[in-house]
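Trainee: Handing over final.pdb, PDB, C-alpha atoms.
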ATOM      1  CA  MET Q 634      35.288  26.160   0.399
ATOM      2  CA  THR Q 635      32.205  23.990   0.495
ATOM      3  CA  GLU Q 636      28.969  25.272  -0.952
ATOM      4  CA  HIS Q 637      26.757  25.254   2.121
ATOM      5  CA  ALA Q 638      24.523  27.706   0.367
ATOM      6  CA  HIS Q 639      23.191  24.654  -1.523
ATOM      7  CA  SER Q 640      20.722  23.922   1.233
ATOM      8  CA  GLY Q 641      17.437  22.863  -0.240
ATOM      9  CA  HIS Q 642      14.213  23.217   1.721
ATOM     10  CA  SER Q 643      11.338  21.765  -0.141
ATOM     11  CA  HIS Q 644       7.723  21.088   0.653
ATOM     12  CA  ALA Q 645       5.633  18.842  -1.478
ATOM     13  CA  HIS Q 646       1.904  18.730  -0.917
ATOM     14  CA  GLY Q 647      -0.187  16.088  -2.561
ATOM     15  CA  HIS Q 648      -2.761  15.123   0.009
ATOM     16  CA  SER Q 649      -5.723  13.490  -1.638
ATOM     17  CA  HIS Q 650      -8.716  11.593  -0.415
ATOM     18  CA  ALA Q 651     -10.720   9.000  -2.265
ATOM     19  CA  VAL Q 652     -13.914  10.772  -1.219
ATOM     20  CA  SER Q 653     -14.434  14.531  -1.136
ATOM     21  CA  PRO Q 654     -15.012  16.175   2.257
ATOM     22  CA  ASP Q 655     -18.436  17.381   1.060
ATOM     23  CA  ALA Q 656     -19.449  13.811   0.223
ATOM     24  CA  ASP Q 657     -18.105  12.678   3.616
ATOM     25  CA  ARG Q 658     -20.289  15.234   5.367
ATOM     26  CA  ARG Q 659     -23.397  14.171   3.410
ATOM     27  CA  TRP Q 660     -22.956  10.491   4.356
ATOM     28  CA  LEU Q 661     -22.318  11.389   8.000
ATOM     29  CA  ARG Q 662     -25.378  13.657   8.188
ATOM     30  CA  ALA Q 663     -27.624  10.948   6.698
ATOM     31  CA  ALA Q 664     -26.407   8.446   9.325
ATOM     32  CA  LEU Q 665     -26.895  11.030  12.104
ATOM     33  CA  ILE Q 666     -30.563  11.706  11.208
ATOM     34  CA  LEU Q 667     -31.390   7.984  11.034
ATOM     35  CA  LEU Q 668     -29.595   7.153  14.293
ATOM     36  CA  THR Q 669     -31.163   9.980  16.292
ATOM     37  CA  ALA Q 670     -34.706   9.082  15.219
ATOM     38  CA  TYR Q 671     -34.247   5.401  16.025
ATOM     39  CA  MET Q 672     -32.502   6.059  19.350
ATOM     40  CA  ALA Q 673     -35.508   7.998  20.723
ATOM     41  CA  VAL Q 674     -37.796   5.042  19.947
ATOM     42  CA  GLU Q 675     -35.365   2.523  21.442
ATOM     43  CA  VAL Q 676     -35.016   4.320  24.790
ATOM     44  CA  VAL Q 677     -38.791   4.199  25.333
ATOM     45  CA  ILE Q 678     -39.022   0.501  24.379
ATOM     46  CA  GLY Q 679     -35.958  -0.378  26.481
ATOM     47  CA  PHE Q 680     -37.611   0.985  29.635
ATOM     48  CA  LEU Q 681     -40.944  -0.657  28.817
ATOM     49  CA  ALA Q 682     -39.268  -4.042  28.231
ATOM     50  CA  GLN Q 683     -36.915  -3.704  31.276
ATOM     51  CA  SER Q 684     -34.028  -4.627  28.962
ATOM     52  CA  LEU Q 685     -30.539  -3.399  29.886
ATOM     53  CA  ALA Q 686     -29.290  -4.727  26.542
ATOM     54  CA  LEU Q 687     -31.714  -2.402  24.710
ATOM     55  CA  ILE Q 688     -30.961   0.546  26.994
ATOM     56  CA  SER Q 689     -27.213  -0.063  26.567
ATOM     57  CA  ASP Q 690     -27.699  -0.172  22.805
ATOM     58  CA  ALA Q 691     -29.600   3.129  23.000
ATOM     59  CA  ALA Q 692     -26.822   4.641  25.145
ATOM     60  CA  HIS Q 693     -24.314   3.438  22.604
ATOM     61  CA  MET Q 694     -26.440   4.973  19.843
ATOM     62  CA  LEU Q 695     -26.258   8.279  21.707
ATOM     63  CA  THR Q 696     -22.463   8.076  21.602
ATOM     64  CA  ASP Q 697     -22.769   7.140  17.902
ATOM     65  CA  ALA Q 698     -24.705  10.350  17.306
ATOM     66  CA  VAL Q 699     -22.234  12.397  19.368
ATOM     67  CA  SER Q 700     -19.326  10.798  17.490
ATOM     68  CA  ILE Q 701     -20.846  11.829  14.146
ATOM     69  CA  VAL Q 702     -21.492  15.381  15.393
ATOM     70  CA  LEU Q 703     -17.867  15.549  16.583
ATOM     71  CA  ALA Q 704     -16.680  14.216  13.226
ATOM     72  CA  LEU Q 705     -18.721  16.817  11.332
ATOM     73  CA  VAL Q 706     -17.449  19.681  13.541
ATOM     74  CA  ALA Q 707     -13.867  18.424  13.231
ATOM     75  CA  MET Q 708     -14.170  18.229   9.425
ATOM     76  CA  ARG Q 709     -15.340  21.829   9.275
ATOM     77  CA  LEU Q 710     -12.467  22.976  11.535
ATOM     78  CA  ALA Q 711      -9.882  20.914   9.623
ATOM     79  CA  ALA Q 712     -10.999  22.495   6.330
ATOM     80  CA  LYS Q 713     -10.153  26.009   7.572
ATOM     81  CA  PRO Q 714      -6.979  27.454   6.025
ATOM     82  CA  ALA Q 715      -3.806  27.763   8.098
ATOM     83  CA  ARG Q 716      -3.420  31.172   9.688
ATOM     84  CA  GLY Q 717      -1.820  32.855  12.689
ATOM     85  CA  GLY Q 718      -0.160  30.498  15.136
ATOM     86  CA  TYR Q 719      -1.832  27.408  13.638
ATOM     87  CA  THR Q 720       0.621  26.839  10.800
ATOM     88  CA  TYR Q 721      -0.913  23.462   9.921
ATOM     89  CA  GLY Q 722      -4.422  24.859  10.256
ATOM     90  CA  LEU Q 723      -6.786  22.911  12.522
ATOM     91  CA  LYS Q 724      -6.263  19.516  10.905
ATOM     92  CA  ARG Q 725      -5.690  17.851  14.259
ATOM     93  CA  ALA Q 726      -9.242  18.696  15.311
ATOM     94  CA  GLU Q 727     -10.051  15.412  13.539
ATOM     95  CA  ILE Q 728      -7.629  13.544  15.807
ATOM     96  CA  LEU Q 729      -9.130  15.215  18.888
ATOM     97  CA  SER Q 730     -12.522  13.989  17.686
ATOM     98  CA  ALA Q 731     -11.199  10.443  17.205
ATOM     99  CA  GLN Q 732      -9.667  10.481  20.685
ATOM    100  CA  ALA Q 733     -12.905  11.773  22.231
ATOM    101  CA  ASN Q 734     -14.798   8.977  20.472
ATOM    102  CA  GLY Q 735     -12.362   6.386  21.816
ATOM    103  CA  ILE Q 736     -12.575   7.720  25.382
ATOM    104  CA  THR Q 737     -16.406   7.789  25.353
ATOM    105  CA  LEU Q 738     -16.422   4.159  24.178
ATOM    106  CA  LEU Q 739     -14.127   3.169  27.048
ATOM    107  CA  VAL Q 740     -16.067   5.104  29.729
ATOM    108  CA  LEU Q 741     -19.415   3.780  28.514
ATOM    109  CA  SER Q 742     -18.087   0.213  28.392
ATOM    110  CA  LEU Q 743     -17.062   0.415  32.073
ATOM    111  CA  TRP Q 744     -20.536   1.658  33.119
ATOM    112  CA  LEU Q 745     -22.295  -1.025  31.069
ATOM    113  CA  ALA Q 746     -19.996  -3.750  32.433
ATOM    114  CA  TYR Q 747     -20.909  -2.745  36.008
ATOM    115  CA  GLU Q 748     -24.645  -2.729  35.203
ATOM    116  CA  ALA Q 749     -24.429  -6.089  33.395
ATOM    117  CA  VAL Q 750     -22.666  -7.782  36.327
ATOM    118  CA  GLN Q 751     -25.379  -6.431  38.671
ATOM    119  CA  ARG Q 752     -28.044  -7.919  36.406
ATOM    120  CA  LEU Q 753     -26.246 -11.251  36.186
ATOM    121  CA  ILE Q 754     -26.464 -11.498  39.975
ATOM    122  CA  SER Q 755     -30.063 -10.264  40.209
ATOM    123  CA  PRO Q 756     -31.765 -10.402  36.783
ATOM    124  CA  PRO Q 757     -34.995  -8.384  36.272
ATOM    125  CA  GLN Q 758     -37.940  -9.715  34.254
ATOM    126  CA  VAL Q 759     -37.168  -8.964  30.602
ATOM    127  CA  THR Q 760     -39.876  -8.799  27.921
ATOM    128  CA  GLY Q 761     -38.183 -10.965  25.288
ATOM    129  CA  GLY Q 762     -40.627 -10.303  22.419
ATOM    130  CA  LEU Q 763     -40.170  -6.520  22.519
ATOM    131  CA  VAL Q 764     -36.401  -6.975  22.749
ATOM    132  CA  VAL Q 765     -36.265  -9.207  19.659
ATOM    133  CA  ILE Q 766     -38.431  -6.924  17.487
ATOM    134  CA  THR Q 767     -36.550  -3.759  18.537
ATOM    135  CA  ALA Q 768     -33.114  -5.364  18.187
ATOM    136  CA  LEU Q 769     -33.859  -6.738  14.712
ATOM    137  CA  SER Q 770     -35.068  -3.327  13.537
ATOM    138  CA  GLY Q 771     -31.907  -1.884  15.139
ATOM    139  CA  VAL Q 772     -29.798  -4.297  13.089
ATOM    140  CA  VAL Q 773     -31.421  -2.923   9.916
ATOM    141  CA  VAL Q 774     -30.904   0.721  10.973
ATOM    142  CA  ASN Q 775     -27.258   0.102  11.881
ATOM    143  CA  LEU Q 776     -26.603  -1.808   8.646
ATOM    144  CA  ILE Q 777     -27.833   1.239   6.718
ATOM    145  CA  CYS Q 778     -25.722   3.623   8.871
ATOM    146  CA  THR Q 779     -22.665   1.376   8.552
ATOM    147  CA  TRP Q 780     -23.120   1.439   4.783
ATOM    148  CA  PHE Q 781     -23.423   5.252   4.843
ATOM    149  CA  LEU Q 782     -20.148   5.613   6.751
ATOM    150  CA  SER Q 783     -18.352   2.988   4.662
ATOM    151  CA  LYS Q 784     -18.953   5.308   1.684
ATOM    152  CA  ALA Q 785     -17.071   8.101   3.474
ATOM    153  CA  ASN Q 786     -13.276   8.338   3.644
ATOM    154  CA  ARG Q 787     -12.316   5.809   6.340
ATOM    155  CA  SER Q 788      -8.588   6.532   5.978
ATOM    156  CA  SER Q 789      -9.467   9.529   8.194
ATOM    157  CA  LEU Q 790      -9.151   8.481  11.851
ATOM    158  CA  ASN Q 791     -11.989  10.904  12.510
ATOM    159  CA  VAL Q 792     -14.432   9.082  10.195
ATOM    160  CA  GLU Q 793     -13.047   5.724  11.365
ATOM    161  CA  GLY Q 794     -13.945   6.707  14.953
ATOM    162  CA  ALA Q 795     -17.584   7.270  14.025
ATOM    163  CA  TYR Q 796     -17.566   4.093  11.909
ATOM    164  CA  GLN Q 797     -16.251   1.989  14.823
ATOM    165  CA  HIS Q 798     -19.012   3.353  17.061
ATOM    166  CA  ILE Q 799     -21.714   2.279  14.630
ATOM    167  CA  LEU Q 800     -20.091  -1.059  13.804
ATOM    168  CA  THR Q 801     -19.913  -2.078  17.489
ATOM    169  CA  ASP Q 802     -23.519  -0.953  17.815
ATOM    170  CA  LEU Q 803     -24.486  -3.249  14.927
ATOM    171  CA  PHE Q 804     -22.844  -6.236  16.618
ATOM    172  CA  GLY Q 805     -24.491  -5.197  19.869
ATOM    173  CA  PHE Q 806     -27.951  -5.284  18.294
ATOM    174  CA  ILE Q 807     -27.246  -8.757  16.907
ATOM    175  CA  ALA Q 808     -26.219  -9.949  20.402
ATOM    176  CA  THR Q 809     -29.330  -8.312  21.881
ATOM    177  CA  ALA Q 810     -31.616 -10.007  19.340
ATOM    178  CA  ILE Q 811     -30.074 -13.384  20.198
ATOM    179  CA  SER Q 812     -30.519 -12.704  23.928
ATOM    180  CA  GLY Q 813     -34.182 -11.796  23.342
ATOM    181  CA  VAL Q 814     -34.763 -15.089  21.527
ATOM    182  CA  ILE Q 815     -33.100 -16.995  24.410
ATOM    183  CA  VAL Q 816     -35.270 -15.192  27.009
ATOM    184  CA  LEU Q 817     -38.404 -15.974  24.950
ATOM    185  CA  THR Q 818     -37.626 -19.652  24.382
ATOM    186  CA  THR Q 819     -35.902 -20.663  27.622
ATOM    187  CA  GLY Q 820     -36.767 -17.984  30.183
ATOM    188  CA  PHE Q 821     -33.031 -17.532  30.895
ATOM    189  CA  GLN Q 822     -33.138 -13.878  32.004
ATOM    190  CA  GLN Q 823     -29.349 -13.513  32.388
ATOM    191  CA  ALA Q 824     -29.012 -13.750  28.598
ATOM    192  CA  ASP Q 825     -29.804 -10.018  28.449
ATOM    193  CA  ALA Q 826     -26.869  -9.126  30.720
ATOM    194  CA  ILE Q 827     -24.547 -11.518  28.843
ATOM    195  CA  ALA Q 828     -25.464  -9.741  25.573
ATOM    196  CA  SER Q 829     -24.509  -6.443  27.253
ATOM    197  CA  LEU Q 830     -21.100  -7.900  28.182
ATOM    198  CA  VAL Q 831     -20.551  -8.883  24.525
ATOM    199  CA  VAL Q 832     -21.211  -5.263  23.556
ATOM    200  CA  VAL Q 833     -18.823  -4.120  26.317
ATOM    201  CA  ALA Q 834     -16.003  -6.301  24.913
ATOM    202  CA  LEU Q 835     -16.518  -4.847  21.423
ATOM    203  CA  MET Q 836     -16.577  -1.285  22.786
ATOM    204  CA  LEU Q 837     -13.351  -1.862  24.753
ATOM    205  CA  LYS Q 838     -11.606  -3.158  21.631
ATOM    206  CA  ALA Q 839     -12.743  -0.282  19.405
ATOM    207  CA  GLY Q 840     -12.130   2.385  22.078
ATOM    208  CA  THR Q 841      -8.618   1.139  22.876
ATOM    209  CA  GLY Q 842      -7.689   1.147  19.181
ATOM    210  CA  LEU Q 843      -8.905   4.717  18.655
ATOM    211  CA  VAL Q 844      -7.191   6.084  21.786
ATOM    212  CA  ARG Q 845      -3.933   4.308  20.889
ATOM    213  CA  GLU Q 846      -3.877   5.548  17.265
ATOM    214  CA  SER Q 847      -4.850   9.131  18.119
ATOM    215  CA  GLY Q 848      -2.319   9.102  20.979
ATOM    216  CA  ARG Q 849       0.458   8.099  18.551
ATOM    217  CA  ILE Q 850      -0.363  11.120  16.385
ATOM    218  CA  PHE Q 851      -0.427  13.517  19.365
ATOM    219  CA  MET Q 852       2.910  12.122  20.597
ATOM    220  CA  GLU Q 853       4.426  12.740  17.133
ATOM    221  CA  ALA Q 854       5.183   9.022  16.665
ATOM    222  CA  ALA Q 855       6.097   7.742  13.219
ATOM    223  CA  PRO Q 856       3.095   6.424  11.267
ATOM    224  CA  ALA Q 857       2.374   2.732  11.797
ATOM    225  CA  GLY Q 858       4.174   0.729   9.136
ATOM    226  CA  ILE Q 859       7.134   3.129   8.783
ATOM    227  CA  ASP Q 860      10.354   2.238  10.637
ATOM    228  CA  PRO Q 861      12.375   5.497  10.985
ATOM    229  CA  ASP Q 862      15.695   3.608  11.360
ATOM    230  CA  ALA Q 863      15.104   1.534   8.241
ATOM    231  CA  LEU Q 864      14.020   4.660   6.351
ATOM    232  CA  GLY Q 865      17.160   6.533   7.488
ATOM    233  CA  ASP Q 866      19.339   3.640   6.317
ATOM    234  CA  HIS Q 867      17.510   3.679   2.990
ATOM    235  CA  LEU Q 868      18.143   7.411   2.534
ATOM    236  CA  VAL Q 869      21.847   7.197   3.416
ATOM    237  CA  ALA Q 870      22.304   4.327   0.939
ATOM    238  CA  THR Q 871      21.436   6.776  -1.859
ATOM    239  CA  ASP Q 872      24.280   7.778  -4.191
ATOM    240  CA  GLN Q 873      26.328  10.815  -2.968
ATOM    241  CA  VAL Q 874      24.669  10.857   0.508
ATOM    242  CA  VAL Q 875      27.227  10.471   3.338
ATOM    243  CA  GLU Q 876      25.092  11.189   6.406
ATOM    244  CA  VAL Q 877      21.481  11.600   7.477
ATOM    245  CA  HIS Q 878      20.610  13.020  10.901
ATOM    246  CA  ASP Q 879      17.849  14.997  12.638
ATOM    247  CA  LEU Q 880      15.403  12.641  10.930
ATOM    248  CA  HIS Q 881      11.828  13.191  12.148
ATOM    249  CA  ILE Q 882       8.714  11.437  10.850
ATOM    250  CA  TRP Q 883       5.263  12.242  12.180
ATOM    251  CA  GLN Q 884       1.638  12.647  11.100
ATOM    252  CA  ILE Q 885      -0.042  16.032  10.739
ATOM    253  CA  THR Q 886      -3.381  14.200  10.800
ATOM    254  CA  SER Q 887      -4.440  10.726   9.715
ATOM    255  CA  GLY Q 888      -3.248   9.951   6.197
ATOM    256  CA  GLN Q 889      -0.867  12.954   6.083
ATOM    257  CA  PRO Q 890       2.651  11.831   7.069
ATOM    258  CA  ALA Q 891       5.412  14.431   7.185
ATOM    259  CA  LEU Q 892       9.204  14.204   7.365
ATOM    260  CA  SER Q 893      12.155  16.491   7.992
ATOM    261  CA  ALA Q 894      15.854  15.623   7.881
ATOM    262  CA  HIS Q 895      19.346  17.082   7.525
ATOM    263  CA  ILE Q 896      21.234  15.437   4.654
ATOM    264  CA  LEU Q 897      25.007  15.705   4.123
ATOM    265  CA  VAL Q 898      26.213  15.148   0.563
ATOM    266  CA  ALA Q 899      29.756  14.357  -0.696
ATOM    267  CA  PRO Q 900      31.749  17.548  -1.458
ATOM    268  CA  ALA Q 901      31.515  17.059  -5.230
ATOM    269  CA  GLY Q 902      27.870  15.972  -5.106
ATOM    270  CA  ASP Q 903      24.884  17.766  -6.609
ATOM    271  CA  CYS Q 904      22.714  18.875  -3.657
ATOM    272  CA  HIS Q 905      19.686  19.721  -5.760
ATOM    273  CA  LYS Q 906      19.742  16.431  -7.641
ATOM    274  CA  VAL Q 907      20.105  14.472  -4.376
ATOM    275  CA  ARG Q 908      17.195  16.354  -2.800
ATOM    276  CA  ARG Q 909      14.920  15.704  -5.778
ATOM    277  CA  GLY Q 910      15.879  12.015  -5.786
ATOM    278  CA  LEU Q 911      15.240  11.622  -2.054
ATOM    279  CA  GLN Q 912      11.858  13.331  -2.266
ATOM    280  CA  GLU Q 913      10.837  11.081  -5.142
ATOM    281  CA  LEU Q 914      11.954   8.038  -3.108
ATOM    282  CA  LEU Q 915       9.959   9.215  -0.070
ATOM    283  CA  HIS Q 916       6.883   9.812  -2.209
ATOM    284  CA  THR Q 917       6.895   6.567  -4.203
ATOM    285  CA  GLU Q 918       8.125   4.101  -1.565
ATOM    286  CA  TYR Q 919       6.773   5.564   1.693
ATOM    287  CA  GLY Q 920       3.824   7.718   0.621
ATOM    288  CA  ILE Q 921       5.390  10.796   2.247
ATOM    289  CA  THR Q 922       4.470  13.838   0.151
ATOM    290  CA  HIS Q 923       5.170  16.499   2.792
ATOM    291  CA  ALA Q 924       8.968  16.429   3.205
ATOM    292  CA  THR Q 925      11.351  19.183   4.323
ATOM    293  CA  LEU Q 926      14.972  18.320   3.545
ATOM    294  CA  GLN Q 927      17.986  20.477   4.430
ATOM    295  CA  VAL Q 928      20.734  19.341   2.079
ATOM    296  CA  ASP Q 929      24.341  20.500   2.667
ATOM    297  CA  HIS Q 930      27.724  19.622   1.248
ATOM    298  CA  LEU Q 931      30.036  17.783   3.619
ATOM    299  CA  GLY Q 932      32.913  20.081   4.650
ATOM    300  CA  GLU Q 933      36.474  18.928   5.297
ATOM    301  CA  GLN Q 934      36.064  19.186   9.059
ATOM    302  CA  ASP Q 935      32.803  17.202   8.817
ATOM    303  CA  GLU Q 936      34.681  14.561   6.821
ATOM    304  CA  ASP Q 937      37.449  14.358   9.481
ATOM    305  CA  GLU Q 938      34.804  13.847  12.161
ATOM    306  CA  LEU Q 939      33.102  11.061  10.188
ATOM    307  CA  LEU Q 940      36.418   9.180   9.991
ATOM    308  CA  THR Q 941      37.255   9.667  13.691
ATOM    309  CA  LEU Q 942      36.214   6.830  15.993
ATOM    310  CA  GLY Q 943      36.364   6.667  19.787
ATOM    311  CA  PRO Q 944      35.818   9.195  22.574
ATOM    312  CA  GLY Q 945      37.164  12.686  22.591
ATOM    313  CA  PRO Q 946      35.958  16.188  21.763
ATOM    314  CA  ALA Q 947      34.467  16.605  18.317
ATOM    315  CA  PRO Q 948      36.325  19.000  16.055
ATOM    316  CA  GLU Q 949      34.937  22.508  15.911
ATOM    317  CA  GLN Q 950      32.244  22.782  13.254
ATOM    318  CA  PRO Q 951      32.106  25.558  10.684
ATOM    319  CA  SER Q 952      28.916  27.569  10.960
ATOM    320  CA  GLY Q 953      25.966  25.941   9.189
ATOM    321  CA  SER Q 954      27.825  22.749   8.197
ATOM    322  CA  HIS Q 955      26.406  20.405  10.799
ATOM    323  CA  CYS Q 956      23.882  20.320  13.640
ATOM    324  CA  ASP Q 957      25.428  21.155  17.026
ATOM    325  CA  ASP Q 958      22.937  18.869  18.757
ATOM    326  CA  SER Q 959      21.346  16.353  16.434
ATOM    327  CA  HIS Q 960      18.273  14.469  17.614
ATOM    328  CA  GLY Q 961      17.999  10.712  17.246
ATOM    329  CA  PRO Q 962      20.356   8.325  15.459
ATOM    330  CA  VAL Q 963      22.917   9.469  12.919
ATOM    331  CA  HIS Q 964      22.780   7.374   9.750
ATOM    332  CA  ARG Q 965      26.039   6.810   7.864
ATOM    333  CA  PRO Q 966      26.980   4.340   5.146
ATOM    334  CA  GLY Q 967      28.909   1.176   6.000
ATOM    335  CA  PRO Q 968      30.255   0.321   9.472
ATOM    336  CA  HIS Q 969      29.806   3.874  10.827
ATOM    337  CA  ARG Q 970      25.987   3.719  10.573
ATOM    338  CA  HIS Q 971      24.125   5.060  13.684
TER     339      HIS Q 971
END
Go ahead and render the structure in this file as structure tokens.

Mentor:
Amino acid sequence: MTEHAHSGHSHAHGHSHAVSPDADRRWLRAALILLTAYMAVEVVIGFLAQSLALISDAAHMLTDAVSIVLALVAMRLAAKPARGGYTYGLKRAEILSAQANGITLLVLSLWLAYEAVQRLISPPQVTGGLVVITALSGVVVNLICTWFLSKANRSSLNVEGAYQHILTDLFGFIATAISGVIVLTTGFQQADAIASLVVVALMLKAGTGLVRESGRIFMEAAPAGIDPDALGDHLVATDQVVEVHDLHIWQITSGQPALSAHILVAPAGDCHKVRRGLQELLHTEYGITHATLQVDHLGEQDEDELLTLGPGPAPEQPSGSHCDDSHGPVHRPGPHRH
């Protein structure tokens, strides 16, 4: 009789961040205060100078400020302990924030692209001197804010979302300053609209990246850089392991990968030793510290099924020995793999 009671469920938690959440919040708040103050000044100057590039920068700064507020709210929610139906807590509030930041970048880029094309066709009179002075001061403000956010934990998709907002804004100010110089020296008014289109391209790139990465987490995709099939093959190549199935890899939130799997061990194998070895492998080689492994001995009927090739009904399984309906590929050593 096989010892199916040797099923090991283990959770290992070792989530660490290079920067503490409190420090993250301090850096984000400092950037928020600076951005909000500068944005109010820029809106007024943008209208006075008739510069779409300045107004678009100010609009982008508004989304910067909103992105930081979202990030701060999400951090507070994510820090709440797990309770009730939210067994992981509210950690994915950070991913919601990142996705919201990505979507606002995309929506704003479409509006600015439309306005810029209109101004290319019929350019207004732009006051180049005001544009240059305001844009150069904006470069300084955004450099400081970018530095603030670079000190926070950018492995968090939430913080990265706010960082991408401010970084594209920095490049936008540089483009605006150049356009102001061109308007001043050559009188080429369309330079202002062209600068706006440069900002639009940067916003599209950053927004698409954030929406794609947050979407992967919501769809329970494996973290980028981890191939589930290769990982399954690696696990089944471990001594005493004869099959790995129901292998799932996902991310709870950015930087917190999780894994669950059903492992079948040779009848004479040591289930507990195998489980400890696999968890150490997952931790050291894949950075997965939250792993739930169900480890069972392979029963005789399981062994018969593993050696049977071709169509036909599978032999009846003893209760608890095998999954009735396993999800995804089944990993086995040698020619029977997958």

Trainee: Please indicate the distance in Å from CA of Ala664 in chain Q to CA of Phe781 in chain Q, rounded to one decimal place.

Mentor: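 Spanning CA of Ala664 in chain Q to CA of Phe781 in chain Q is a straight-line distance of 6.3 Å.
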
Trainee: Which one is closest to Lys724 in chain Q: Q:Gln884, Q:Thr841, Q:Asn786, Q:Thr779? Count all atoms listed in the file.

Mentor: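 That would be Q:Gln884, the residue with the smallest distance to Lys724 in chain Q.
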
Trainee: Skip Gly888 in chain Q itself and residues of its chain fewer than 2 positions away, then list as an NGL selection string all residues within 7 Å of it, counting only C-alpha atoms.

Mentor: :Q and (788-789 or 886 or 890)

Trainee: Just checking: using all atoms listed in the file, which residue out of Q:Val869, Q:Ile859, Q:Ala828, Q:Ala691 ends up closest to Phe804 in chain Q?

Mentor: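 Selected residue with least distance to Phe804 in chain Q: Q:Ala828.
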
Trainee: Kindly give the distance, in Å, that separates CA of Ala857 in chain Q and CA of Ala785 in chain Q, rounded to a single decimal.

Mentor: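 Rounded to one decimal, the two atoms are 21.8 Å apart.
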
Trainee: For CA of Val773 in chain Q and CA of Leu681 in chain Q, quote the distance in Å rounded to one decimal.

Mentor: 21.3 Å

Trainee: Tell me which residues the PyMOL selection byres ((chain Q and resi 851) around 10) grabs here, as a ChimeraX atom specification.

Mentor: /Q:725,728-729,732,845-850,852-854,883-886

Trainee: Which polymer residues have any atom within 6 Å of an atom of range 704-714 of chain Q, counting only C-alpha atoms, with same-chain residues fewer than 5 positions away left out, as number ranges by chain?

Mentor: Q: 722-724, 726-727, 791

Trainee: Near Gly840 in chain Q, counting all atoms listed in the file, which residues have an atom at most 6 Å away, once you skip same-chain residues fewer than 3 positions from it, shown as a ChimeraX atom specification?

Mentor: /Q:735,738-739,836-837,843

Trainee: If we count only C-alpha atoms and set the cut-off at 7 Å, which residues sit around Gly762 in chain Q, ignoring sequence neighbours fewer than 4 positions away in its own chain? Please answer as a list in words.

Mentor: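 Returned residues: Ile766, Gly813 and Leu817 of chain Q.
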
Trainee: Find the residues around range 872-882 of chain Q up to 7 Å (all atoms listed in the file counted), leave out those fewer than 6 positions away in its own chain, and share them as a PyMOL selection string.

Mentor: chain Q and resi 855+861+865+891-899+902+959-966

Trainee: Mind writing the picked residues with C-alpha atoms as a CSV table (one decimal), in the coordinates of the input?

Mentor:
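That gives us result.csv:
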chain,number,residue,atom,x,y,z
Q,855,ALA,CA,6.1,7.7,13.2
Q,861,PRO,CA,12.4,5.5,11.0
Q,865,GLY,CA,17.2,6.5,7.5
Q,891,ALA,CA,5.4,14.4,7.2
Q,892,LEU,CA,9.2,14.2,7.4
Q,893,SER,CA,12.2,16.5,8.0
Q,894,ALA,CA,15.9,15.6,7.9
Q,895,HIS,CA,19.3,17.1,7.5
Q,896,ILE,CA,21.2,15.4,4.7
Q,897,LEU,CA,25.0,15.7,4.1
Q,898,VAL,CA,26.2,15.1,0.6
Q,899,ALA,CA,29.8,14.4,-0.7
Q,902,GLY,CA,27.9,16.0,-5.1
Q,959,SER,CA,21.3,16.4,16.4
Q,960,HIS,CA,18.3,14.5,17.6
Q,961,GLY,CA,18.0,10.7,17.2
Q,962,PRO,CA,20.4,8.3,15.5
Q,963,VAL,CA,22.9,9.5,12.9
Q,964,HIS,CA,22.8,7.4,9.8
Q,965,ARG,CA,26.0,6.8,7.9
Q,966,PRO,CA,27.0,4.3,5.1

Trainee: Taking all listed atoms of range 897-915 of chain Q, build the axis-aligned box, pad each of the six sides by 3 Å, then write its centre and edge lengths in Å to one decimal as JSON.

Mentor:
{"center_x": 20.9, "center_y": 13.9, "center_z": -1.8, "size_x": 27.8, "size_y": 17.7, "size_z": 17.8}

Trainee: Point out the residue among Q:Leu695, Q:Val816, Q:Val928, Q:Leu915 with the least atom-to-atom distance to Thr760 in chain Q, counting only C-alpha atoms.

Mentor: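 Smallest distance to Thr760 in chain Q is found for Q:Val816.
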
Trainee: Where atoms are absent from range 836-841 of chain Q, fill them in so it carries N, CA, C and O atoms, then output it as a PDB file, in the coordinates of the input.

Mentor:
ATOM      1  N   MET Q 836     -16.843  -2.710  22.545  1.00  0.00           N
ATOM      2  CA  MET Q 836     -16.577  -1.285  22.786  1.00  0.00           C
ATOM      3  C   MET Q 836     -15.163  -1.075  23.320  1.00  0.00           C
ATOM      4  O   MET Q 836     -14.483  -0.109  22.941  1.00  0.00           O
ATOM      5  N   LEU Q 837     -14.713  -1.967  24.216  1.00  0.00           N
ATOM      6  CA  LEU Q 837     -13.351  -1.862  24.753  1.00  0.00           C
ATOM      7  C   LEU Q 837     -12.315  -1.986  23.638  1.00  0.00           C
ATOM      8  O   LEU Q 837     -11.339  -1.236  23.588  1.00  0.00           O
ATOM      9  N   LYS Q 838     -12.548  -2.935  22.735  1.00  0.00           N
ATOM     10  CA  LYS Q 838     -11.606  -3.158  21.631  1.00  0.00           C
ATOM     11  C   LYS Q 838     -11.536  -1.935  20.714  1.00  0.00           C
ATOM     12  O   LYS Q 838     -10.454  -1.431  20.388  1.00  0.00           O
ATOM     13  N   ALA Q 839     -12.703  -1.432  20.307  1.00  0.00           N
ATOM     14  CA  ALA Q 839     -12.743  -0.282  19.405  1.00  0.00           C
ATOM     15  C   ALA Q 839     -12.190   0.974  20.081  1.00  0.00           C
ATOM     16  O   ALA Q 839     -11.406   1.723  19.484  1.00  0.00           O
ATOM     17  N   GLY Q 840     -12.583   1.198  21.351  1.00  0.00           N
ATOM     18  CA  GLY Q 840     -12.130   2.385  22.078  1.00  0.00           C
ATOM     19  C   GLY Q 840     -10.623   2.395  22.291  1.00  0.00           C
ATOM     20  O   GLY Q 840      -9.964   3.416  22.117  1.00  0.00           O
ATOM     21  N   THR Q 841     -10.071   1.231  22.664  1.00  0.00           N
ATOM     22  CA  THR Q 841      -8.618   1.139  22.876  1.00  0.00           C
ATOM     23  C   THR Q 841      -7.865   1.444  21.588  1.00  0.00           C
ATOM     24  O   THR Q 841      -6.867   2.174  21.598  1.00  0.00           O
TER      25      THR Q 841
END
